[in-house]
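Peer 1: So I've got this file, upload_23.tsv, and it contains TSV, C-alpha atoms:
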chain	number	residue	atom	x	y	z
X	1	MET	CA	-122.80	66.22	33.68
X	2	ARG	CA	-123.21	69.31	31.45
X	3	VAL	CA	-125.12	72.27	32.94
X	4	LEU	CA	-126.23	75.61	31.49
X	5	ILE	CA	-126.93	78.52	33.85
X	6	VAL	CA	-129.13	81.26	32.40
X	7	GLU	CA	-129.14	84.11	34.91
X	8	ASP	CA	-128.83	87.87	34.36
X	9	GLU	CA	-127.42	88.58	37.83
X	10	ARG	CA	-123.79	88.07	36.83
X	11	PRO	CA	-122.29	87.72	40.32
X	12	LEU	CA	-124.88	85.05	41.17
X	13	ALA	CA	-124.47	83.25	37.85
X	14	ASP	CA	-120.68	83.23	38.12
X	15	ALA	CA	-120.75	82.10	41.76
X	16	VAL	CA	-123.11	79.23	40.99
X	17	ALA	CA	-120.99	78.23	37.99
X	18	ARG	CA	-117.82	78.14	40.11
X	19	GLY	CA	-119.57	76.07	42.75
X	20	LEU	CA	-120.97	73.54	40.29
X	21	ARG	CA	-117.58	73.20	38.60
X	22	ARG	CA	-116.08	72.38	42.00
X	23	GLU	CA	-118.68	69.61	42.17
X	24	GLY	CA	-117.24	68.15	38.96
X	25	MET	CA	-119.86	69.46	36.51
X	26	ALA	CA	-119.14	71.06	33.13
X	27	VAL	CA	-120.87	74.46	33.26
X	28	ASP	CA	-121.69	77.11	30.67
X	29	VAL	CA	-123.23	80.49	31.51
X	30	ALA	CA	-125.58	82.83	29.64
X	31	TYR	CA	-126.61	86.23	31.01
X	32	ASP	CA	-129.78	86.72	28.97
X	33	GLY	CA	-132.52	84.65	27.42
X	34	ASP	CA	-131.42	85.03	23.82
X	35	SER	CA	-127.87	83.77	24.38
X	36	GLY	CA	-129.26	81.04	26.63
X	37	HIS	CA	-131.48	79.90	23.79
X	38	GLU	CA	-128.55	79.90	21.34
X	39	LYS	CA	-126.48	77.71	23.65
X	40	ALA	CA	-129.35	75.33	24.37
X	41	VAL	CA	-129.93	74.82	20.64
X	42	VAL	CA	-126.35	73.86	19.78
X	43	THR	CA	-125.33	71.91	22.92
X	44	ARG	CA	-127.01	68.99	24.68
X	45	TYR	CA	-127.26	69.92	28.33
X	46	ASP	CA	-128.34	67.57	31.08
X	47	VAL	CA	-129.71	70.41	33.20
X	48	VAL	CA	-130.55	74.08	32.60
X	49	VAL	CA	-130.71	76.32	35.67
X	50	LEU	CA	-133.04	79.02	34.39
X	51	ASP	CA	-134.05	82.36	35.89
X	52	ARG	CA	-137.62	83.34	35.01
X	53	ASP	CA	-136.99	87.09	34.81
X	54	LEU	CA	-134.49	87.53	31.98
X	55	PRO	CA	-133.69	90.26	29.48
X	56	GLY	CA	-134.34	89.22	25.90
X	57	MET	CA	-136.21	85.94	25.66
X	58	SER	CA	-138.07	85.37	28.92
X	59	GLY	CA	-137.30	82.40	31.13
X	60	ASP	CA	-140.83	81.11	30.62
X	61	ARG	CA	-140.48	81.18	26.84
X	62	LEU	CA	-137.02	79.60	26.93
X	63	CYS	CA	-138.36	76.83	29.14
X	64	ALA	CA	-141.18	76.25	26.65
X	65	GLU	CA	-138.67	76.12	23.77
X	66	ILE	CA	-136.56	73.51	25.56
X	67	VAL	CA	-139.62	71.39	26.33
X	68	ALA	CA	-140.91	71.70	22.76
X	69	SER	CA	-137.57	70.51	21.37
X	70	ALA	CA	-138.27	67.07	22.88
X	71	SER	CA	-134.73	66.97	24.26
X	72	THR	CA	-133.84	65.11	27.44
X	73	THR	CA	-132.68	68.36	29.04
X	74	ARG	CA	-134.16	69.01	32.49
X	75	VAL	CA	-134.99	72.52	33.70
X	76	ILE	CA	-134.70	74.00	37.18
X	77	MET	CA	-136.53	77.32	37.23
X	78	LEU	CA	-135.29	80.05	39.56
X	79	THR	CA	-137.38	82.98	40.74
X	80	ALA	CA	-137.39	85.70	43.36
X	81	SER	CA	-140.94	84.71	44.24
X	82	GLY	CA	-141.49	81.46	46.09
X	83	THR	CA	-145.26	81.46	46.43
X	84	LEU	CA	-147.18	78.29	45.75
X	85	ALA	CA	-148.98	79.95	42.84
X	86	ASP	CA	-145.67	80.87	41.20
X	87	LYS	CA	-144.31	77.37	41.72
X	88	VAL	CA	-147.39	75.80	40.16
X	89	ASP	CA	-147.21	78.24	37.26
X	90	GLY	CA	-143.54	77.48	36.64
X	91	LEU	CA	-144.05	73.74	36.72
X	92	SER	CA	-147.06	74.03	34.43
X	93	ARG	CA	-144.80	75.60	31.80
X	94	GLY	CA	-142.74	72.42	31.65
X	95	ALA	CA	-140.05	73.05	34.28
X	96	ASP	CA	-138.92	69.90	36.09
X	97	ASP	CA	-138.11	71.68	39.33
X	98	TYR	CA	-138.51	75.09	40.90
X	99	LEU	CA	-136.27	76.89	43.38
X	100	ALA	CA	-136.94	80.25	45.04
X	101	LYS	CA	-134.21	82.81	45.63
X	102	PRO	CA	-132.32	82.99	47.89
X	103	PHE	CA	-131.51	79.27	47.90
X	104	ASP	CA	-128.99	77.07	49.67
X	105	PHE	CA	-126.24	76.00	47.29
X	106	PRO	CA	-126.12	72.37	48.54
X	107	GLU	CA	-129.82	72.08	47.70
X	108	LEU	CA	-129.20	73.33	44.16
X	109	VAL	CA	-126.39	70.79	43.74
X	110	ALA	CA	-128.62	67.96	44.98
X	111	ARG	CA	-131.42	68.97	42.62
X	112	CYS	CA	-129.05	69.27	39.65
X	113	ARG	CA	-127.69	65.79	40.32
X	114	ALA	CA	-131.18	64.33	40.70
X	115	LEU	CA	-132.37	65.87	37.43
X	116	GLY	CA	-129.12	64.94	35.71
X	117	ARG	CA	-129.81	61.28	36.46
X	118	ARG	CA	-133.20	61.64	34.79
X	119	ALA	CA	-131.71	63.36	31.74
X	120	THR	CA	-129.38	60.50	30.85
X	121	PRO	CA	-130.04	56.83	30.17
X	122	ALA	CA	-130.25	54.78	33.33
X	123	VAL	CA	-126.93	53.42	34.51
X	124	PRO	CA	-126.18	51.04	37.37
X	125	PRO	CA	-125.48	52.66	40.78
X	126	MET	CA	-121.94	51.31	40.39
X	127	LEU	CA	-120.04	51.40	37.09
X	128	VAL	CA	-117.77	48.37	36.85
X	129	ALA	CA	-115.35	47.02	34.26
X	130	GLY	CA	-113.16	44.15	35.40
X	131	ASP	CA	-111.67	45.14	38.75
X	132	VAL	CA	-112.33	48.87	38.26
X	133	ALA	CA	-115.37	50.17	40.14
X	134	LEU	CA	-116.67	53.75	40.05
X	135	ASP	CA	-119.36	55.00	42.42
X	136	PRO	CA	-121.02	58.10	40.87
X	137	ALA	CA	-122.88	59.02	44.06
X	138	ARG	CA	-119.88	58.84	46.40
X	139	ARG	CA	-117.50	59.92	43.63
X	140	THR	CA	-115.01	57.19	44.47
X	141	VAL	CA	-112.97	54.84	42.29
X	142	HIS	CA	-111.37	51.56	43.29
X	143	ARG	CA	-109.16	49.15	41.39
X	144	GLY	CA	-109.60	45.91	43.26
X	145	GLU	CA	-109.19	46.87	46.91
X	146	ARG	CA	-107.05	49.91	46.09
X	147	PRO	CA	-108.67	53.37	46.14
X	148	VAL	CA	-107.71	55.54	43.18
X	149	GLU	CA	-107.54	59.30	43.74
X	150	LEU	CA	-108.60	61.20	40.62
X	151	THR	CA	-109.05	64.83	39.68
X	152	ARG	CA	-112.55	65.97	38.72
X	153	LYS	CA	-111.74	65.77	35.00
X	154	GLU	CA	-110.13	62.34	35.29
X	155	PHE	CA	-113.16	61.10	37.21
X	156	GLY	CA	-115.48	62.57	34.57
X	157	VAL	CA	-113.61	60.92	31.69
X	158	LEU	CA	-113.63	57.53	33.42
X	159	GLU	CA	-117.32	57.87	34.27
X	160	VAL	CA	-118.24	58.60	30.63
X	161	LEU	CA	-116.11	55.72	29.34
X	162	LEU	CA	-117.53	53.20	31.83
X	163	ALA	CA	-121.11	54.36	31.23
X	164	ALA	CA	-120.61	53.74	27.49
X	165	GLY	CA	-120.60	50.00	28.21
X	166	GLY	CA	-117.69	49.14	25.94
X	167	ALA	CA	-118.63	51.51	23.11
X	168	VAL	CA	-116.04	53.87	21.66
X	169	VAL	CA	-116.24	57.47	22.90
X	170	SER	CA	-114.62	60.14	20.75
X	171	SER	CA	-112.35	62.86	22.08
X	172	GLU	CA	-114.94	65.39	20.92
X	173	GLU	CA	-117.66	63.74	22.98
X	174	LEU	CA	-115.42	63.56	26.05
X	175	LEU	CA	-114.63	67.25	25.63
X	176	GLU	CA	-118.33	68.05	25.39
X	177	ARG	CA	-119.43	65.92	28.34
X	178	VAL	CA	-116.61	66.62	30.80
X	179	TRP	CA	-115.36	70.12	29.99
X	180	ASP	CA	-117.37	73.17	28.88
X	181	GLU	CA	-117.65	75.63	26.01
X	182	ASN	CA	-114.42	77.37	27.01
X	183	ALA	CA	-112.37	74.26	26.28
X	184	ASP	CA	-110.27	74.55	23.11
X	185	PRO	CA	-111.19	71.63	20.82
X	186	PHE	CA	-107.72	71.77	19.26
X	187	THR	CA	-105.78	71.26	22.49
X	188	THR	CA	-104.40	67.96	23.75
X	189	THR	CA	-106.35	68.24	27.01
X	190	VAL	CA	-108.32	65.02	26.48
X	191	ARG	CA	-105.25	63.02	25.47
X	192	VAL	CA	-103.24	64.31	28.44
X	193	THR	CA	-106.11	63.59	30.87
X	194	VAL	CA	-106.47	60.04	29.53
X	195	MET	CA	-102.72	59.57	29.87
X	196	THR	CA	-102.67	60.60	33.54
X	197	LEU	CA	-105.81	58.55	34.18
X	198	ARG	CA	-104.14	55.46	32.75
X	199	LYS	CA	-101.13	55.96	35.01
X	200	LYS	CA	-103.29	56.25	38.10
X	201	LEU	CA	-105.33	53.16	37.23
X	202	GLY	CA	-102.14	51.16	36.72
X	203	GLU	CA	-101.48	47.88	34.95
X	204	PRO	CA	-102.86	45.97	33.18
X	205	GLY	CA	-104.23	48.81	31.10
X	206	VAL	CA	-107.96	49.55	31.27
X	207	ILE	CA	-108.50	52.23	28.62
X	208	GLU	CA	-107.98	51.28	24.99
X	209	THR	CA	-107.21	53.76	22.22
X	210	VAL	CA	-109.18	53.13	19.02
X	211	VAL	CA	-107.11	54.87	16.36
X	212	GLY	CA	-109.06	57.53	14.53
X	213	ALA	CA	-112.15	57.01	16.67
X	214	GLY	CA	-111.50	57.60	20.36
X	215	TYR	CA	-111.27	55.56	23.55
X	216	ARG	CA	-113.07	52.64	25.11
X	217	VAL	CA	-113.11	50.53	28.26
X	218	PRO	CA	-114.03	46.98	27.25
X	219	ALA	CA	-117.22	45.99	29.08
X	220	ALA	CA	-115.83	42.63	30.06
X	221	GLY	CA	-112.81	44.32	31.57
Show me, as structure tokens, the structure contained in the file I just sent.

Peer 2:
Amino acid sequence: MRVLIVEDERPLADAVARGLRREGMAVDVAYDGDSGHEKAVVTRYDVVVLDRDLPGMSGDRLCAEIVASASTTRVIMLTASGTLADKVDGLSRGADDYLAKPFDFPELVARCRALGRRATPAVPPMLVAGDVALDPARRTVHRGERPVELTRKEFGVLEVLLAAGGAVVSSEELLERVWDENADPFTTTVRVTVMTLRKKLGEPGVIETVVGAGYRVPAAG
């Protein structure tokens, strides 16, 4: 899941970003409304965590811009005021959720995951190809009866490939969906991650390389 945090309190923004990355999400950060708008225009985010009180473009206006773009991006609006009137006002501007500061981090994670599921096409609760089964909620992978321990990036790559239902996924798309804007598009990070993922999944091979196009997991397994 790809998340954008737009928050001018840098320590808070950076702390939330670190926490969400530990949860396996790809996270970008903007410290003002204008840069947040620039990122939201060029990248498809599943969720934007958006402070209302921002320098530059206001959080309210940025929320309206995202909604007007007709994208599938979901918005969680943050504010220092948690009154009912403020919550109603925020939601009326198109926000999908509203969270008052200070907030509990586990609650933010749960809300991001819930909105992320709404931002992407519906997928089965379990992603299965042949004898490989991935549980997105429990973040577990099994091959037959054998549990497979994966890193966050390996899990993310396998999740994207299984969710594609047999379609080819390019290295560029994997980089966009699993990593973040700091990832170097010219590195071999995707290829190396796929290589280690293949080793952990074992034989017979699950992930096919489509030369010049990307990778796929055949739907029939």

Peer 1: Would you kindly return, as a PyMOL selection string, each protein, DNA or RNA residue with an atom no farther than 10 Å from any atom of stretch 197-199 of chain X, considering only C-alpha atoms and excluding same-chain residues fewer than 4 positions away?

Peer 2: chain X and resi 148-151+153-155+157-158+191-193+203-208

Peer 1: Keeping C-alpha atoms, export the residues of the selection given above as a PDB file, in the frame of the given file.

Peer 2:
ATOM      1  CA  VAL X 148    -107.710  55.540  43.180  1.00  0.00           C
ATOM      2  CA  GLU X 149    -107.540  59.300  43.740  1.00  0.00           C
ATOM      3  CA  LEU X 150    -108.600  61.200  40.620  1.00  0.00           C
ATOM      4  CA  THR X 151    -109.050  64.830  39.680  1.00  0.00           C
ATOM      5  CA  LYS X 153    -111.740  65.770  35.000  1.00  0.00           C
ATOM      6  CA  GLU X 154    -110.130  62.340  35.290  1.00  0.00           C
ATOM      7  CA  PHE X 155    -113.160  61.100  37.210  1.00  0.00           C
ATOM      8  CA  VAL X 157    -113.610  60.920  31.690  1.00  0.00           C
ATOM      9  CA  LEU X 158    -113.630  57.530  33.420  1.00  0.00           C
ATOM     10  CA  ARG X 191    -105.250  63.020  25.470  1.00  0.00           C
ATOM     11  CA  VAL X 192    -103.240  64.310  28.440  1.00  0.00           C
ATOM     12  CA  THR X 193    -106.110  63.590  30.870  1.00  0.00           C
ATOM     13  CA  GLU X 203    -101.480  47.880  34.950  1.00  0.00           C
ATOM     14  CA  PRO X 204    -102.860  45.970  33.180  1.00  0.00           C
ATOM     15  CA  GLY X 205    -104.230  48.810  31.100  1.00  0.00           C
ATOM     16  CA  VAL X 206    -107.960  49.550  31.270  1.00  0.00           C
ATOM     17  CA  ILE X 207    -108.500  52.230  28.620  1.00  0.00           C
ATOM     18  CA  GLU X 208    -107.980  51.280  24.990  1.00  0.00           C
TER      19      GLU X 208
END

Peer 1: Which of these residues is nearest to X:Thr140, using only C-alpha atoms: X:Arg93, X:Arg152, X:Arg21, X:Arg74?

Peer 2: X:Arg152

Peer 1: Between X:Met126, X:Val41, X:Val48, X:Ala85, single out the one closest to X:Asp97, counting only C-alpha atoms.

Peer 2: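 Going through X:Met126, X:Val41, X:Val48, X:Ala85 one by one, the smallest distance to X:Asp97 is for X:Val48.
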
Peer 1: Pick out the closest residue to X:Thr72 from this set: X:Ser58, X:Arg44, X:Leu50, X:Ala137. Count only C-alpha atoms.

Peer 2: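 So, comparing all the options, the nearest one is X:Arg44.
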
Peer 1: Go through X:Leu108, X:Val132, X:Ala40, X:Val169 and flag the residue nearest X:Gly212, using only C-alpha atoms for the distances.

Peer 2: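 The closest residue to X:Gly212 is X:Val169.
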
Peer 1: Restricting the calculation to all atoms listed in the file: of X:Leu134, X:Cys63, X:Val178, X:Ala167, which residue gets closest to X:Leu201?

Peer 2: X:Leu134

Peer 1: Can you work out which one of X:Arg113, X:Thr79, X:Gly24, X:Ala163 has the shortest atom-to-atom distance to X:Ala133, counting all atoms listed in the file?

Peer 2: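 Looking at the shortest contact to X:Ala133, the residue is X:Ala163.
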
Peer 1: Calculate how many Å separate atom CA of X:Pro125 from atom CA of X:Pro218, rounding to one decimal.

Peer 2: 18.6 Å

Peer 1: What does the distance between atom CA of X:Asp180 and atom CA of X:Ile5 come to in Å, to one decimal place?

Peer 2: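 Distance between the two atoms: 12.0 Å.
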
Peer 1: Provide stretch 44-74 of chain X rebuilt to N, CA and C atoms, formatted as a PDB file, in the frame of the given file.

Peer 2:
ATOM      1  N   ARG X  44    -126.095  69.818  23.887  1.00  0.00           N
ATOM      2  CA  ARG X  44    -127.010  68.990  24.680  1.00  0.00           C
ATOM      3  C   ARG X  44    -126.633  69.105  26.153  1.00  0.00           C
ATOM      4  N   TYR X  45    -127.480  69.776  26.895  1.00  0.00           N
ATOM      5  CA  TYR X  45    -127.260  69.920  28.330  1.00  0.00           C
ATOM      6  C   TYR X  45    -128.098  68.903  29.093  1.00  0.00           C
ATOM      7  N   ASP X  46    -127.554  68.433  30.200  1.00  0.00           N
ATOM      8  CA  ASP X  46    -128.340  67.570  31.080  1.00  0.00           C
ATOM      9  C   ASP X  46    -129.333  68.399  31.875  1.00  0.00           C
ATOM     10  N   VAL X  47    -128.875  69.547  32.360  1.00  0.00           N
ATOM     11  CA  VAL X  47    -129.710  70.410  33.200  1.00  0.00           C
ATOM     12  C   VAL X  47    -129.508  71.868  32.804  1.00  0.00           C
ATOM     13  N   VAL X  48    -130.603  72.625  32.755  1.00  0.00           N
ATOM     14  CA  VAL X  48    -130.550  74.080  32.600  1.00  0.00           C
ATOM     15  C   VAL X  48    -131.097  74.709  33.873  1.00  0.00           C
ATOM     16  N   VAL X  49    -130.277  75.551  34.506  1.00  0.00           N
ATOM     17  CA  VAL X  49    -130.710  76.320  35.670  1.00  0.00           C
ATOM     18  C   VAL X  49    -131.141  77.669  35.129  1.00  0.00           C
ATOM     19  N   LEU X  50    -132.437  77.948  35.185  1.00  0.00           N
ATOM     20  CA  LEU X  50    -133.040  79.020  34.390  1.00  0.00           C
ATOM     21  C   LEU X  50    -133.779  80.032  35.253  1.00  0.00           C
ATOM     22  N   ASP X  51    -133.335  81.282  35.213  1.00  0.00           N
ATOM     23  CA  ASP X  51    -134.050  82.360  35.890  1.00  0.00           C
ATOM     24  C   ASP X  51    -135.293  82.728  35.066  1.00  0.00           C
ATOM     25  N   ARG X  52    -136.396  82.997  35.737  1.00  0.00           N
ATOM     26  CA  ARG X  52    -137.620  83.340  35.010  1.00  0.00           C
ATOM     27  C   ARG X  52    -137.572  84.741  34.442  1.00  0.00           C
ATOM     28  N   ASP X  53    -136.972  85.667  35.184  1.00  0.00           N
ATOM     29  CA  ASP X  53    -136.990  87.090  34.810  1.00  0.00           C
ATOM     30  C   ASP X  53    -135.700  87.438  34.106  1.00  0.00           C
ATOM     31  N   LEU X  54    -135.704  87.321  32.772  1.00  0.00           N
ATOM     32  CA  LEU X  54    -134.490  87.530  31.980  1.00  0.00           C
ATOM     33  C   LEU X  54    -134.679  88.638  30.963  1.00  0.00           C
ATOM     34  N   PRO X  55    -133.613  89.369  30.645  1.00  0.00           N
ATOM     35  CA  PRO X  55    -133.690  90.260  29.480  1.00  0.00           C
ATOM     36  C   PRO X  55    -133.686  89.426  28.200  1.00  0.00           C
ATOM     37  N   GLY X  56    -134.231  89.993  27.135  1.00  0.00           N
ATOM     38  CA  GLY X  56    -134.340  89.220  25.900  1.00  0.00           C
ATOM     39  C   GLY X  56    -135.446  88.203  26.031  1.00  0.00           C
ATOM     40  N   MET X  57    -135.222  87.011  25.527  1.00  0.00           N
ATOM     41  CA  MET X  57    -136.210  85.940  25.660  1.00  0.00           C
ATOM     42  C   MET X  57    -136.471  85.650  27.139  1.00  0.00           C
ATOM     43  N   SER X  58    -137.732  85.608  27.514  1.00  0.00           N
ATOM     44  CA  SER X  58    -138.070  85.370  28.920  1.00  0.00           C
ATOM     45  C   SER X  58    -137.726  83.937  29.323  1.00  0.00           C
ATOM     46  N   GLY X  59    -137.557  83.736  30.628  1.00  0.00           N
ATOM     47  CA  GLY X  59    -137.300  82.400  31.130  1.00  0.00           C
ATOM     48  C   GLY X  59    -138.440  81.453  30.823  1.00  0.00           C
ATOM     49  N   ASP X  60    -139.671  81.956  30.910  1.00  0.00           N
ATOM     50  CA  ASP X  60    -140.830  81.110  30.620  1.00  0.00           C
ATOM     51  C   ASP X  60    -140.811  80.640  29.165  1.00  0.00           C
ATOM     52  N   ARG X  61    -140.492  81.562  28.254  1.00  0.00           N
ATOM     53  CA  ARG X  61    -140.480  81.180  26.840  1.00  0.00           C
ATOM     54  C   ARG X  61    -139.321  80.217  26.551  1.00  0.00           C
ATOM     55  N   LEU X  62    -138.152  80.483  27.149  1.00  0.00           N
ATOM     56  CA  LEU X  62    -137.020  79.600  26.930  1.00  0.00           C
ATOM     57  C   LEU X  62    -137.315  78.203  27.458  1.00  0.00           C
ATOM     58  N   CYS X  63    -137.962  78.131  28.601  1.00  0.00           N
ATOM     59  CA  CYS X  63    -138.360  76.830  29.140  1.00  0.00           C
ATOM     60  C   CYS X  63    -139.276  76.107  28.163  1.00  0.00           C
ATOM     61  N   ALA X  64    -140.248  76.845  27.609  1.00  0.00           N
ATOM     62  CA  ALA X  64    -141.180  76.250  26.650  1.00  0.00           C
ATOM     63  C   ALA X  64    -140.445  75.761  25.403  1.00  0.00           C
ATOM     64  N   GLU X  65    -139.436  76.514  24.950  1.00  0.00           N
ATOM     65  CA  GLU X  65    -138.670  76.120  23.770  1.00  0.00           C
ATOM     66  C   GLU X  65    -137.902  74.822  24.030  1.00  0.00           C
ATOM     67  N   ILE X  66    -137.318  74.714  25.217  1.00  0.00           N
ATOM     68  CA  ILE X  66    -136.560  73.510  25.560  1.00  0.00           C
ATOM     69  C   ILE X  66    -137.491  72.302  25.606  1.00  0.00           C
ATOM     70  N   VAL X  67    -138.646  72.484  26.234  1.00  0.00           N
ATOM     71  CA  VAL X  67    -139.620  71.390  26.330  1.00  0.00           C
ATOM     72  C   VAL X  67    -140.123  70.985  24.945  1.00  0.00           C
ATOM     73  N   ALA X  68    -140.380  71.983  24.098  1.00  0.00           N
ATOM     74  CA  ALA X  68    -140.910  71.700  22.760  1.00  0.00           C
ATOM     75  C   ALA X  68    -139.894  70.997  21.868  1.00  0.00           C
ATOM     76  N   SER X  69    -138.614  71.138  22.181  1.00  0.00           N
ATOM     77  CA  SER X  69    -137.570  70.510  21.370  1.00  0.00           C
ATOM     78  C   SER X  69    -137.496  69.009  21.574  1.00  0.00           C
ATOM     79  N   ALA X  70    -138.233  68.505  22.567  1.00  0.00           N
ATOM     80  CA  ALA X  70    -138.270  67.070  22.880  1.00  0.00           C
ATOM     81  C   ALA X  70    -136.898  66.533  23.281  1.00  0.00           C
ATOM     82  N   SER X  71    -136.036  67.408  23.791  1.00  0.00           N
ATOM     83  CA  SER X  71    -134.730  66.970  24.260  1.00  0.00           C
ATOM     84  C   SER X  71    -134.882  66.339  25.643  1.00  0.00           C
ATOM     85  N   THR X  72    -133.820  65.709  26.101  1.00  0.00           N
ATOM     86  CA  THR X  72    -133.840  65.110  27.440  1.00  0.00           C
ATOM     87  C   THR X  72    -133.411  66.101  28.508  1.00  0.00           C
ATOM     88  N   THR X  73    -133.130  67.338  28.098  1.00  0.00           N
ATOM     89  CA  THR X  73    -132.680  68.360  29.040  1.00  0.00           C
ATOM     90  C   THR X  73    -133.723  68.628  30.110  1.00  0.00           C
ATOM     91  N   ARG X  74    -133.277  68.703  31.365  1.00  0.00           N
ATOM     92  CA  ARG X  74    -134.160  69.010  32.490  1.00  0.00           C
ATOM     93  C   ARG X  74    -133.957  70.461  32.913  1.00  0.00           C
TER      94      ARG X  74
END
